[in-house]
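A.B. asks: Supplied structure: coords.cif, mmCIF, C-alpha atoms.
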```
data_entry
loop_
_atom_site.label_atom_id
_atom_site.label_comp_id
_atom_site.auth_asym_id
_atom_site.auth_seq_id
_atom_site.Cartn_x
_atom_site.Cartn_y
_atom_site.Cartn_z
CA MET A 1 32.46 -18.77 -8.12
CA ALA A 2 32.55 -15.13 -9.27
CA LYS A 3 29.54 -13.20 -8.09
CA LEU A 4 27.53 -11.28 -10.67
CA SER A 5 26.72 -7.70 -9.80
CA LYS A 6 23.19 -6.84 -8.74
CA GLU A 7 23.03 -4.28 -11.54
CA LEU A 8 23.84 -6.91 -14.16
CA ILE A 9 21.34 -9.37 -12.71
CA GLY A 10 18.72 -6.62 -12.63
CA ALA A 11 19.44 -5.60 -16.23
CA THR A 12 19.15 -9.16 -17.51
CA SER A 13 16.10 -10.16 -15.46
CA ILE A 14 13.47 -9.29 -18.08
CA PRO A 15 15.09 -11.12 -21.04
CA ILE A 16 15.85 -14.09 -18.78
CA ILE A 17 12.31 -14.35 -17.42
CA LEU A 18 10.88 -13.90 -20.92
CA SER A 19 13.15 -16.68 -22.17
CA VAL A 20 12.00 -19.05 -19.41
CA LEU A 21 8.34 -18.30 -20.12
CA GLU A 22 8.88 -18.74 -23.87
CA ARG A 23 9.37 -22.44 -23.25
CA GLN A 24 6.23 -22.89 -21.18
CA PRO A 25 3.98 -21.03 -18.76
CA SER A 26 5.42 -21.13 -15.27
CA TYR A 27 5.08 -19.81 -11.73
CA GLY A 28 7.44 -17.81 -9.51
CA TYR A 29 9.03 -20.67 -7.60
CA GLU A 30 9.61 -22.69 -10.76
CA ILE A 31 11.09 -19.70 -12.61
CA ILE A 32 13.60 -19.11 -9.80
CA GLN A 33 14.62 -22.77 -9.80
CA ALA A 34 14.93 -22.85 -13.60
CA VAL A 35 17.11 -19.74 -13.69
CA LYS A 36 19.25 -21.02 -10.83
CA GLU A 37 19.76 -24.31 -12.62
CA VAL A 38 20.48 -22.94 -16.09
CA SER A 39 22.84 -20.28 -14.70
CA GLU A 40 24.54 -22.92 -12.55
CA GLY A 41 23.85 -20.85 -9.47
CA TYR A 42 25.23 -17.56 -10.82
CA ILE A 43 21.77 -16.02 -10.82
CA THR A 44 19.58 -16.62 -7.81
CA TYR A 45 16.58 -14.37 -7.55
CA GLY A 46 15.28 -13.53 -4.11
CA ASP A 47 12.18 -15.61 -3.43
CA GLY A 48 9.91 -12.77 -2.44
CA THR A 49 11.30 -10.20 -4.80
CA ILE A 50 10.73 -11.91 -8.13
CA TYR A 51 7.00 -11.23 -7.98
CA PRO A 52 7.15 -7.43 -8.19
CA VAL A 53 9.22 -7.90 -11.36
CA LEU A 54 6.67 -10.33 -12.77
CA HIS A 55 3.86 -7.91 -11.87
CA LYS A 56 5.71 -5.05 -13.53
CA MET A 57 6.11 -7.15 -16.67
CA GLU A 58 2.43 -7.97 -16.50
CA LYS A 59 1.56 -4.29 -16.32
CA GLN A 60 3.72 -3.76 -19.39
CA GLU A 61 1.63 -6.48 -21.06
CA LEU A 62 4.69 -8.61 -21.74
CA ILE A 63 3.20 -11.51 -19.79
CA GLU A 64 -0.18 -12.42 -18.36
CA SER A 65 -1.13 -14.38 -15.28
CA TYR A 66 -3.79 -16.88 -14.37
CA TRP A 67 -4.51 -19.04 -11.35
CA GLU A 68 -4.48 -22.79 -11.76
CA VAL A 69 -4.95 -25.64 -9.33
CA ALA A 70 -1.89 -27.90 -9.32
CA GLU A 71 -1.95 -31.70 -9.05
CA ASN A 72 -1.48 -31.50 -5.28
CA GLY A 73 -4.62 -29.36 -5.08
CA ARG A 74 -2.71 -26.17 -4.36
CA LYS A 75 -3.51 -22.94 -6.17
CA ARG A 76 -0.67 -21.49 -8.19
CA LYS A 77 -0.40 -18.31 -10.19
CA TYR A 78 1.06 -19.04 -13.60
CA TYR A 79 2.58 -16.56 -16.01
CA LYS A 80 2.66 -16.90 -19.78
CA LEU A 81 4.13 -14.87 -22.59
CA CYS A 82 1.93 -12.38 -24.46
CA GLU A 83 2.39 -11.28 -28.07
CA LYS A 84 4.08 -8.10 -26.88
CA GLY A 85 6.37 -10.22 -24.72
CA LYS A 86 7.35 -12.36 -27.71
CA SER A 87 8.35 -9.33 -29.77
CA GLN A 88 10.13 -7.85 -26.73
CA LEU A 89 12.08 -11.09 -26.37
CA ALA A 90 13.06 -11.03 -30.06
CA SER A 91 14.28 -7.47 -29.63
CA GLU A 92 16.16 -8.34 -26.42
CA GLN A 93 17.84 -11.30 -28.16
CA GLU A 94 18.99 -9.03 -30.97
CA ASN A 95 20.30 -6.41 -28.53
CA TRP A 96 22.16 -8.90 -26.37
CA GLN A 97 23.68 -10.53 -29.48
CA ILE A 98 25.02 -7.13 -30.55
CA ILE A 99 26.45 -6.46 -27.08
CA HIS A 100 27.94 -9.93 -26.99
CA GLN A 101 29.60 -9.45 -30.40
CA ILE A 102 31.01 -6.05 -29.45
CA ILE A 103 32.50 -7.33 -26.23
CA ALA A 104 33.82 -10.48 -27.90
CA LYS A 105 35.53 -8.37 -30.56
CA LEU A 106 37.04 -6.01 -28.01
CA TRP A 107 38.35 -8.83 -25.91
CA ARG A 108 40.01 -10.54 -28.86
CA LEU A 109 43.61 -9.41 -28.60
CA ASP A 110 44.25 -9.85 -32.36
CA HIS A 111 41.34 -7.60 -33.32
CA PRO A 112 42.62 -4.30 -34.73
CA LEU A 113 41.38 -1.21 -32.95
CA THR A 114 41.91 2.22 -34.48
CA PHE A 115 41.63 5.46 -32.57
CA SER A 116 40.84 8.58 -34.53
CA MET B 1 8.72 -31.50 33.90
CA GLU B 2 8.68 -28.94 31.14
CA THR B 3 6.43 -29.76 28.22
CA ARG B 4 6.82 -28.20 24.82
CA SER B 5 3.75 -27.21 22.87
CA PRO B 6 3.86 -28.82 19.41
CA PHE B 7 4.63 -26.49 16.53
CA ASP B 8 1.62 -25.89 14.32
CA LEU B 9 2.92 -25.39 10.79
CA GLN B 10 -0.44 -24.37 9.39
CA LEU B 11 -0.85 -21.76 12.10
CA ALA B 12 2.66 -20.44 11.49
CA VAL B 13 1.92 -20.03 7.77
CA GLU B 14 -1.35 -18.31 8.66
CA ASP B 15 0.49 -15.91 11.02
CA TRP B 16 3.06 -15.12 8.35
CA ARG B 17 0.26 -14.45 5.90
CA ASN B 18 -1.47 -12.13 8.35
CA GLN B 19 1.78 -10.27 8.91
CA LEU B 20 1.91 -9.52 5.19
CA LEU B 21 -1.70 -8.36 5.16
CA ARG B 22 -1.17 -6.11 8.17
CA THR B 23 1.49 -4.11 6.33
CA GLY B 24 -1.25 -2.93 3.99
CA LEU B 25 1.23 -2.98 1.11
CA PHE B 26 0.10 -6.26 -0.40
CA LYS B 27 -3.07 -7.03 -2.26
CA LEU B 28 -4.87 -10.23 -1.31
CA ASP B 29 -3.77 -11.74 -4.62
CA ASP B 30 -0.12 -10.96 -3.77
CA VAL B 31 -0.43 -12.62 -0.39
CA ASP B 32 -1.98 -15.75 -1.95
CA GLU B 33 0.89 -15.91 -4.42
CA LEU B 34 3.55 -15.46 -1.74
CA GLU B 35 1.88 -18.08 0.45
CA SER B 36 1.87 -20.50 -2.46
CA HIS B 37 5.61 -19.84 -2.87
CA LEU B 38 6.25 -20.40 0.85
CA LEU B 39 4.41 -23.73 0.65
CA ASP B 40 6.55 -24.74 -2.35
CA GLU B 41 9.63 -23.89 -0.31
CA LEU B 42 8.33 -25.99 2.58
CA ASP B 43 7.72 -28.89 0.20
CA SER B 44 11.25 -28.63 -1.16
CA LEU B 45 12.58 -28.98 2.39
CA SER B 46 10.53 -32.10 3.17
CA PRO B 47 13.18 -34.61 2.01
CA MET B 48 15.59 -33.16 4.57
CA GLN B 49 13.55 -34.76 7.36
CA ILE B 50 13.84 -31.84 9.73
CA GLU B 51 11.28 -30.65 12.24
CA ASP B 52 8.39 -28.54 11.01
CA LYS B 53 9.54 -25.52 13.00
CA GLU B 54 13.00 -25.58 11.47
CA ARG B 55 11.55 -26.20 8.03
CA PHE B 56 9.29 -23.18 8.43
CA LEU B 57 12.12 -20.94 9.66
CA ILE B 58 14.32 -21.90 6.70
CA ALA B 59 11.50 -21.40 4.18
CA ARG B 60 10.57 -18.05 5.72
CA SER B 61 14.16 -16.82 5.65
CA ARG B 62 14.46 -17.88 2.01
CA MET B 63 11.45 -15.74 1.20
CA GLY B 64 13.48 -12.76 2.33
CA ARG B 65 12.98 -10.00 4.85
CA LEU B 66 9.47 -8.71 5.05
CA ASP B 67 10.50 -5.04 4.77
CA VAL B 68 12.53 -5.77 1.62
CA ILE B 69 9.67 -7.67 -0.01
CA ALA B 70 7.21 -4.97 1.01
CA ALA B 71 9.44 -2.25 -0.42
CA GLU B 72 9.68 -4.10 -3.74
CA TYR B 73 5.92 -4.56 -3.89
CA ALA B 74 5.38 -0.91 -2.97
CA LYS B 75 7.25 0.04 -6.15
CA VAL B 76 4.74 -1.88 -8.25
CA ASN B 77 1.60 -1.33 -6.17
CA VAL B 78 2.19 2.43 -5.93
CA SER B 79 -1.42 3.51 -5.95
CA HIS B 80 -2.49 0.65 -3.70
CA SER B 81 0.18 1.21 -1.03
CA LEU B 82 -0.19 4.98 -1.06
CA LEU B 83 -3.96 4.82 -0.80
CA LYS B 84 -3.76 2.17 1.90
CA LYS B 85 -1.45 4.35 3.98
CA LEU B 86 -3.51 7.45 3.41
CA GLU B 87 -6.79 5.64 4.09
CA PRO B 88 -6.96 6.18 7.88
CA TYR B 89 -6.02 9.82 7.46
CA VAL B 90 -8.60 10.38 4.75
CA LYS B 91 -11.21 8.64 6.89
CA GLY B 92 -10.12 10.72 9.86
CA ALA B 93 -10.31 13.85 7.75
CA LEU B 94 -13.83 12.95 6.62
CA ILE B 95 -14.97 12.39 10.18
CA TYR B 96 -13.29 15.63 11.17
CA VAL B 97 -15.11 17.55 8.44
CA THR B 98 -18.41 15.89 9.41
CA LEU B 99 -17.98 16.78 13.07
CA SER B 100 -16.85 20.33 12.27
CA ALA B 101 -19.77 20.85 9.91
CA CYS B 102 -22.25 19.40 12.42
CA LEU B 103 -20.94 21.59 15.23
CA GLY B 104 -20.85 24.62 12.94
CA PHE B 105 -24.46 24.02 11.88
CA LEU B 106 -25.47 23.34 15.45
CA VAL B 107 -24.00 26.54 16.87
CA ALA B 108 -25.16 28.63 13.91
CA GLY B 109 -28.64 27.07 14.06
CA VAL B 110 -28.98 27.74 17.79
CA GLY B 111 -27.75 31.31 17.20
CA VAL B 112 -30.32 31.98 14.49
CA LEU B 113 -33.13 30.43 16.53
CA THR B 114 -32.17 32.47 19.62
CA LYS B 115 -32.08 35.71 17.64
CA LEU B 116 -35.45 35.00 16.05
CA TRP B 117 -36.89 33.96 19.41
CA ASN B 118 -35.80 37.27 20.92
CA GLN B 119 -37.39 39.14 18.04
CA GLY B 120 -40.64 37.24 18.51
CA GLU B 121 -40.60 35.83 14.98
CA MET B 122 -40.67 32.16 15.87
CA LEU B 123 -43.34 31.15 13.41
CA THR B 124 -41.94 32.73 10.23
CA TYR B 125 -40.79 30.62 7.28
CA SER B 126 -37.15 31.44 8.06
CA THR B 127 -37.60 30.16 11.60
CA ILE B 128 -39.08 26.90 10.37
CA GLY B 129 -36.37 26.63 7.70
CA SER B 130 -33.60 27.20 10.23
CA GLY B 131 -35.14 24.66 12.55
CA ILE B 132 -35.34 22.04 9.79
CA ALA B 133 -31.72 22.76 8.75
CA PHE B 134 -30.62 22.46 12.36
CA VAL B 135 -32.41 19.15 12.95
CA ALA B 136 -31.29 17.77 9.56
CA ALA B 137 -27.66 18.65 10.31
CA LEU B 138 -27.87 17.02 13.71
CA ALA B 139 -29.59 13.91 12.29
CA PHE B 140 -26.99 13.67 9.52
CA GLY B 141 -24.16 13.90 12.02
CA ILE B 142 -25.66 11.27 14.30
CA LEU B 143 -26.37 8.96 11.36
CA GLN B 144 -22.79 9.30 10.11
CA LEU B 145 -21.42 8.55 13.55
CA TYR B 146 -23.73 5.55 13.91
CA LYS B 147 -22.80 4.17 10.48
CA ARG B 148 -19.10 4.68 11.10
CA LYS B 149 -18.85 3.45 14.66
CA ARG B 150 -15.86 1.30 13.85
CA LEU B 151 -14.52 3.83 11.40
CA LEU B 152 -14.64 6.53 14.03
CA LYS B 153 -12.53 4.42 16.35
CA VAL B 154 -9.85 4.02 13.70
CA ALA B 155 -10.19 7.39 12.09
CA LEU B 156 -9.74 9.43 15.20
CA HIS B 157 -6.71 7.45 16.24
CA PRO B 158 -4.17 9.89 14.78
CA LEU B 159 -3.58 12.12 17.77
CA PHE B 160 -3.08 15.27 15.76
CA LEU B 161 -6.62 15.14 14.47
CA ILE B 162 -8.08 14.99 17.97
CA VAL B 163 -5.70 17.68 19.22
CA SER B 164 -6.38 19.97 16.28
CA PHE B 165 -10.11 19.46 16.67
CA LEU B 166 -10.01 20.30 20.38
CA LEU B 167 -7.70 23.26 19.85
CA SER B 168 -9.93 24.76 17.19
CA LYS B 169 -12.98 24.41 19.46
CA ILE B 170 -11.17 25.87 22.46
CA GLY B 171 -9.93 28.61 20.11
CA THR B 172 -13.54 29.44 19.22
CA PHE B 173 -14.43 30.11 22.84
CA MET B 174 -11.25 32.14 23.40
CA ILE B 175 -11.73 34.29 20.29
CA VAL B 176 -15.34 35.18 21.08
CA PRO B 177 -14.70 37.31 24.19
CA ILE B 178 -11.79 39.05 22.43
CA LEU B 179 -13.81 39.93 19.34
CA TYR B 180 -17.20 40.57 20.85
CA GLY B 181 -16.41 41.45 24.47
CA ARG B 182 -18.85 38.91 25.84
CA VAL B 183 -19.93 35.35 25.16
CA ASN B 184 -23.33 34.90 23.64
CA ILE B 185 -24.81 32.43 21.21
CA GLU B 186 -24.91 34.85 18.26
CA SER B 187 -21.22 35.75 18.45
CA LEU B 188 -20.38 32.08 18.98
CA SER B 189 -22.27 31.12 15.83
CA LYS B 190 -20.41 33.70 13.73
CA VAL B 191 -17.01 32.56 15.00
CA ALA B 192 -17.97 28.89 14.61
CA LEU B 193 -18.60 29.42 10.90
CA HIS B 194 -15.27 31.21 10.44
CA VAL B 195 -13.40 28.56 12.34
CA SER B 196 -15.04 25.86 10.21
CA ILE B 197 -13.42 27.40 7.14
CA ASN B 198 -10.08 27.47 8.96
CA ASN B 199 -10.61 23.85 9.90
CA LEU B 200 -11.11 22.90 6.27
CA LEU B 201 -7.93 24.72 5.24
CA PHE B 202 -6.05 23.05 8.07
CA LEU B 203 -7.36 19.72 6.89
CA VAL B 204 -6.11 20.31 3.34
CA CYS B 205 -2.68 21.20 4.76
CA ILE B 206 -2.59 17.96 6.77
CA LEU B 207 -3.49 15.89 3.71
CA LEU B 208 -0.91 17.65 1.54
CA PHE B 209 1.70 17.11 4.23
CA PHE B 210 0.98 13.39 4.35
CA ILE B 211 0.97 13.00 0.58
CA LYS B 212 4.35 14.76 0.43
CA MET B 213 5.67 12.59 3.26
CA MET B 214 4.56 9.39 1.54
CA ILE B 215 6.13 10.43 -1.76
CA SER B 216 9.46 11.36 -0.16
CA LYS B 217 9.43 8.13 1.87
CA ARG B 218 8.90 6.13 -1.30
CA SER B 219 11.73 7.84 -3.14
CA LYS B 220 14.10 7.12 -0.24
CA MET B 221 13.42 3.41 -0.38
CA THR B 222 16.62 1.73 -1.42
CA THR B 223 15.93 -1.84 -2.26
CA SER B 224 17.44 -4.48 -4.40
CA PHE B 225 15.96 -7.00 -6.75
CA VAL B 226 18.04 -9.91 -5.47
#
```
As a first step, turn the structure in this file into structure tokens.
C.D. replies:
Amino acid sequence: MAKLSKELIGATSIPIILSVLERQPSYGYEIIQAVKEVSEGYITYGDGTIYPVLHKMEKQELIESYWEVAENGRKRKYYKLCEKGKSQLASEQENWQIIHQIIAKLWRLDHPLTFS
Amino acid sequence: METRSPFDLQLAVEDWRNQLLRTGLFKLDDVDELESHLLDELDSLSPMQIEDKERFLIARSRMGRLDVIAAEYAKVNVSHSLLKKLEPYVKGALIYVTLSACLGFLVAGVGVLTKLWNQGEMLTYSTIGSGIAFVAALAFGILQLYKRKRLLKVALHPLFLIVSFLLSKIGTFMIVPILYGRVNIESLSKVALHVSINNLLFLVCILLFFIKMMISKRSKMTTSFV
């Protein structure tokens, strides 16, 4: 399995976390597991280091947190998307689509490329 | 026959939690969140049917190295971590200022009273005023020390504060004979006031040095997200 660079994982962390939280509010451990599963193991966030990112996103008002008692009686801190986070996600989706299209075009051998 | 003490998982989690708190870089809320994560990790390892100790060690290692986690948190909790690190020094500085001011007042007060006593003006308003100021300063100093008994223990821990305090006081007694030719309470009181100003400037320098050190330490932190 090819290993993704730390820089790439770092750059994609915000849109990925926003995308996970768009589906439903979640907590750190669950977010890590969800990302690991959907990326088929390509992206595995460090257990203790995801929280500073979540806190940074919270400071930016992209997400907000609240404590909730789970079924097993344990307290868990959940994160949910804010309005600002929703618009940020829409913007991220647009940006990543553009990047994806550019790279896809460049990597298509039959695509003409002119140099001025 | 050697007997092994049973591993107490709850105690181990508690110890780990205390370790985080002792760094001073995590807020209580952060520690609660990380503990909740560690417990989730422990739960996920339950089906493996391994001993509690092993389960704990695996879960703890999955959480990552404490210094790496702390460094990541320090990036977010800038004000908290910086203040927390500066706290003992600021407390020490406050105690230092209080002690310096008390000693300055004490020496100056005794000097004024001695001078007035020699001039036979003990019952003037200035004599009474000086006496009140002297007693008030002393009472204030004692009250502060009493209220901050524990604080004093922590605050004076940084060796440089104690050394600088002692040096400045020794310096006072060495400067007096040089400047005034002889040691008396009046000359001591004058020098004590001057040295108090120097002490304050010295204190500002120490604080600036520590702020600079903390900032440069933070910028050198090379940590990764993953």
A.B. asks: From the set A:Ser65, A:Thr44, A:Asn72, A:Asn95, which residue has the shortest atom-to-atom contact distance to chain B, counting only C-alpha atoms?
C.D. replies: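 Smallest separation from chain B among the options: A:Thr44.
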A.B. asks: Expand the PyMOL selection byres ((chain A and resi 29) around 12) into the explicit residue set it covers here, and present it as an MDAnalysis selection string.
C.D. replies: (chainID A and resid 26:28 30:36 44:51 54 76:79) or (chainID B and resid 33:44 62:63)
A.B. asks: Mind giving me the straight-line distance from atom CA of B:Glu14 to atom CA of B:Leu66 in Å, one decimal?
C.D. replies: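 Separation between atom CA of B:Glu14 and atom CA of B:Leu66: 14.9 Å.
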A.B. asks: If I take atom CA of A:Tyr42 and atom CA of A:Ile9, how far is one from the other in Å, to one decimal?
C.D. replies: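 Between these atoms lies a distance of 9.3 Å.
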A.B. asks: On this file, the PyMOL selection byres ((chain B and resi 73) around 10) gives some set of residues; write that set as a ChimeraX atom specification.
C.D. replies: /A:48-53,55-56 /B:25-27,30,67-72,74-78,80-81
A.B. asks: Using only C-alpha atoms, which residues sit within 9 Å of B:Lys53 once same-chain residues fewer than 6 positions away are excluded, as a list in words?
C.D. replies: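 Returned residues: Phe7, Asp8, Leu9 and Ala12 of chain B.
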A.B. asks: Please, what distance in Å, to one decimal, runs between atom CA of A:Arg23 and atom CA of A:Leu89?
C.D. replies: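 For atom CA of A:Arg23 relative to atom CA of A:Leu89, the distance reads 12.1 Å.
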A.B. asks: Suppose a student applies the PyMOL selection byres ((chain A and resi 21) around 10) to this structure; what residues should they get, written as number ranges by chain?
C.D. replies: A: 15-20, 22-27, 31, 63, 78-82, 85-86
A.B. asks: Please write the residues from the selection above to a file, keeping C-alpha atoms, as an mmCIF file, in the frame of the given file.
C.D. replies:
```
data_model
loop_
_atom_site.group_PDB
_atom_site.id
_atom_site.type_symbol
_atom_site.label_atom_id
_atom_site.label_comp_id
_atom_site.auth_asym_id
_atom_site.auth_seq_id
_atom_site.Cartn_x
_atom_site.Cartn_y
_atom_site.Cartn_z
ATOM 1 C CA PRO A 15 15.090 -11.120 -21.040
ATOM 2 C CA ILE A 16 15.850 -14.090 -18.780
ATOM 3 C CA ILE A 17 12.310 -14.350 -17.420
ATOM 4 C CA LEU A 18 10.880 -13.900 -20.920
ATOM 5 C CA SER A 19 13.150 -16.680 -22.170
ATOM 6 C CA VAL A 20 12.000 -19.050 -19.410
ATOM 7 C CA GLU A 22 8.880 -18.740 -23.870
ATOM 8 C CA ARG A 23 9.370 -22.440 -23.250
ATOM 9 C CA GLN A 24 6.230 -22.890 -21.180
ATOM 10 C CA PRO A 25 3.980 -21.030 -18.760
ATOM 11 C CA SER A 26 5.420 -21.130 -15.270
ATOM 12 C CA TYR A 27 5.080 -19.810 -11.730
ATOM 13 C CA ILE A 31 11.090 -19.700 -12.610
ATOM 14 C CA ILE A 63 3.200 -11.510 -19.790
ATOM 15 C CA TYR A 78 1.060 -19.040 -13.600
ATOM 16 C CA TYR A 79 2.580 -16.560 -16.010
ATOM 17 C CA LYS A 80 2.660 -16.900 -19.780
ATOM 18 C CA LEU A 81 4.130 -14.870 -22.590
ATOM 19 C CA CYS A 82 1.930 -12.380 -24.460
ATOM 20 C CA GLY A 85 6.370 -10.220 -24.720
ATOM 21 C CA LYS A 86 7.350 -12.360 -27.710
#
```
A.B. asks: Compare A:Arg74, A:His100, A:Lys84, A:Lys105 by their minimum atom-to-atom distance to chain B, counting all atoms listed in the file, and give me the closest one.
C.D. replies: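 Distance minimum relative to chain B lands on A:Arg74.
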A.B. asks: Closest to chain B among A:Ala2, A:Val38, A:Val69, A:Ile99, using all atoms listed in the file?
C.D. replies: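 Selected residue with least distance to chain B: A:Val69.
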A.B. asks: Would you list the residues near (10.8, -26.1, 5.6) (no more than 7 Å away, in the coordinates of the file, using only C-alpha atoms) as a PyMOL selection string?
C.D. replies: chain B and resi 41-43+45-46+52+54-59
A.B. asks: Considering all atoms listed in the file, state which residue in the set B:Ile50, B:Val31, B:Gln10, B:Thr23 is at the smallest distance from chain A.
C.D. replies: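 Answer, going by the shortest atom-to-atom distance: B:Val31.
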A.B. asks: Using all atoms listed in the file, can you tell me which of A:Leu62, A:Trp67, A:Ser39, A:Gln97 comes closest to chain B?
C.D. replies: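 Among the listed residues, the smallest separation from chain B belongs to A:Trp67.
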A.B. asks: Between A:Glu61, A:Gln93, A:Lys3, A:Leu109, which is the closest to A:Glu40 once you count all atoms listed in the file?
C.D. replies: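 Ranking A:Glu61, A:Gln93, A:Lys3, A:Leu109 by distance to A:Glu40, first place goes to A:Lys3.
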A.B. asks: Can you rebuild stretch 62-78 of chain B with N, CA and C atoms and give it as a CSV table (one decimal), in the frame of the given file?
C.D. replies:
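See result-v8.csv below for the written result:
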```csv
chain,number,residue,atom,x,y,z
B,62,ARG,N,14.2,-17.9,3.5
B,62,ARG,CA,14.5,-17.9,2.0
B,62,ARG,C,13.5,-16.9,1.3
B,63,MET,N,12.4,-16.7,1.8
B,63,MET,CA,11.4,-15.7,1.2
B,63,MET,C,12.0,-14.3,1.2
B,64,GLY,N,12.9,-14.1,2.2
B,64,GLY,CA,13.5,-12.8,2.3
B,64,GLY,C,12.8,-11.9,3.4
B,65,ARG,N,13.5,-10.9,3.8
B,65,ARG,CA,13.0,-10.0,4.8
B,65,ARG,C,11.7,-9.3,4.4
B,66,LEU,N,10.8,-9.3,5.3
B,66,LEU,CA,9.5,-8.7,5.0
B,66,LEU,C,9.5,-7.3,4.5
B,67,ASP,N,10.4,-6.5,5.2
B,67,ASP,CA,10.5,-5.0,4.8
B,67,ASP,C,11.0,-4.9,3.3
B,68,VAL,N,12.0,-5.8,3.0
B,68,VAL,CA,12.5,-5.8,1.6
B,68,VAL,C,11.5,-6.2,0.6
B,69,ILE,N,10.7,-7.2,0.9
B,69,ILE,CA,9.7,-7.7,0.0
B,69,ILE,C,8.6,-6.6,-0.1
B,70,ALA,N,8.3,-6.0,1.0
B,70,ALA,CA,7.2,-5.0,1.0
B,70,ALA,C,7.6,-3.8,0.2
B,71,ALA,N,8.9,-3.4,0.3
B,71,ALA,CA,9.4,-2.2,-0.4
B,71,ALA,C,9.4,-2.5,-1.9
B,72,GLU,N,9.7,-3.8,-2.3
B,72,GLU,CA,9.7,-4.1,-3.7
B,72,GLU,C,8.2,-4.1,-4.3
B,73,TYR,N,7.3,-4.6,-3.5
B,73,TYR,CA,5.9,-4.6,-3.9
B,73,TYR,C,5.4,-3.1,-4.0
B,74,ALA,N,5.9,-2.3,-3.0
B,74,ALA,CA,5.4,-0.9,-3.0
B,74,ALA,C,5.7,-0.2,-4.3
B,75,LYS,N,6.9,-0.6,-4.9
B,75,LYS,CA,7.2,0.0,-6.2
B,75,LYS,C,6.2,-0.3,-7.2
B,76,VAL,N,5.7,-1.5,-7.2
B,76,VAL,CA,4.7,-1.9,-8.2
B,76,VAL,C,3.3,-1.4,-7.9
B,77,ASN,N,3.0,-1.7,-6.6
B,77,ASN,CA,1.6,-1.3,-6.2
B,77,ASN,C,1.6,0.1,-5.6
B,78,VAL,N,2.1,1.0,-6.4
B,78,VAL,CA,2.2,2.4,-5.9
B,78,VAL,C,0.8,3.0,-5.4
```
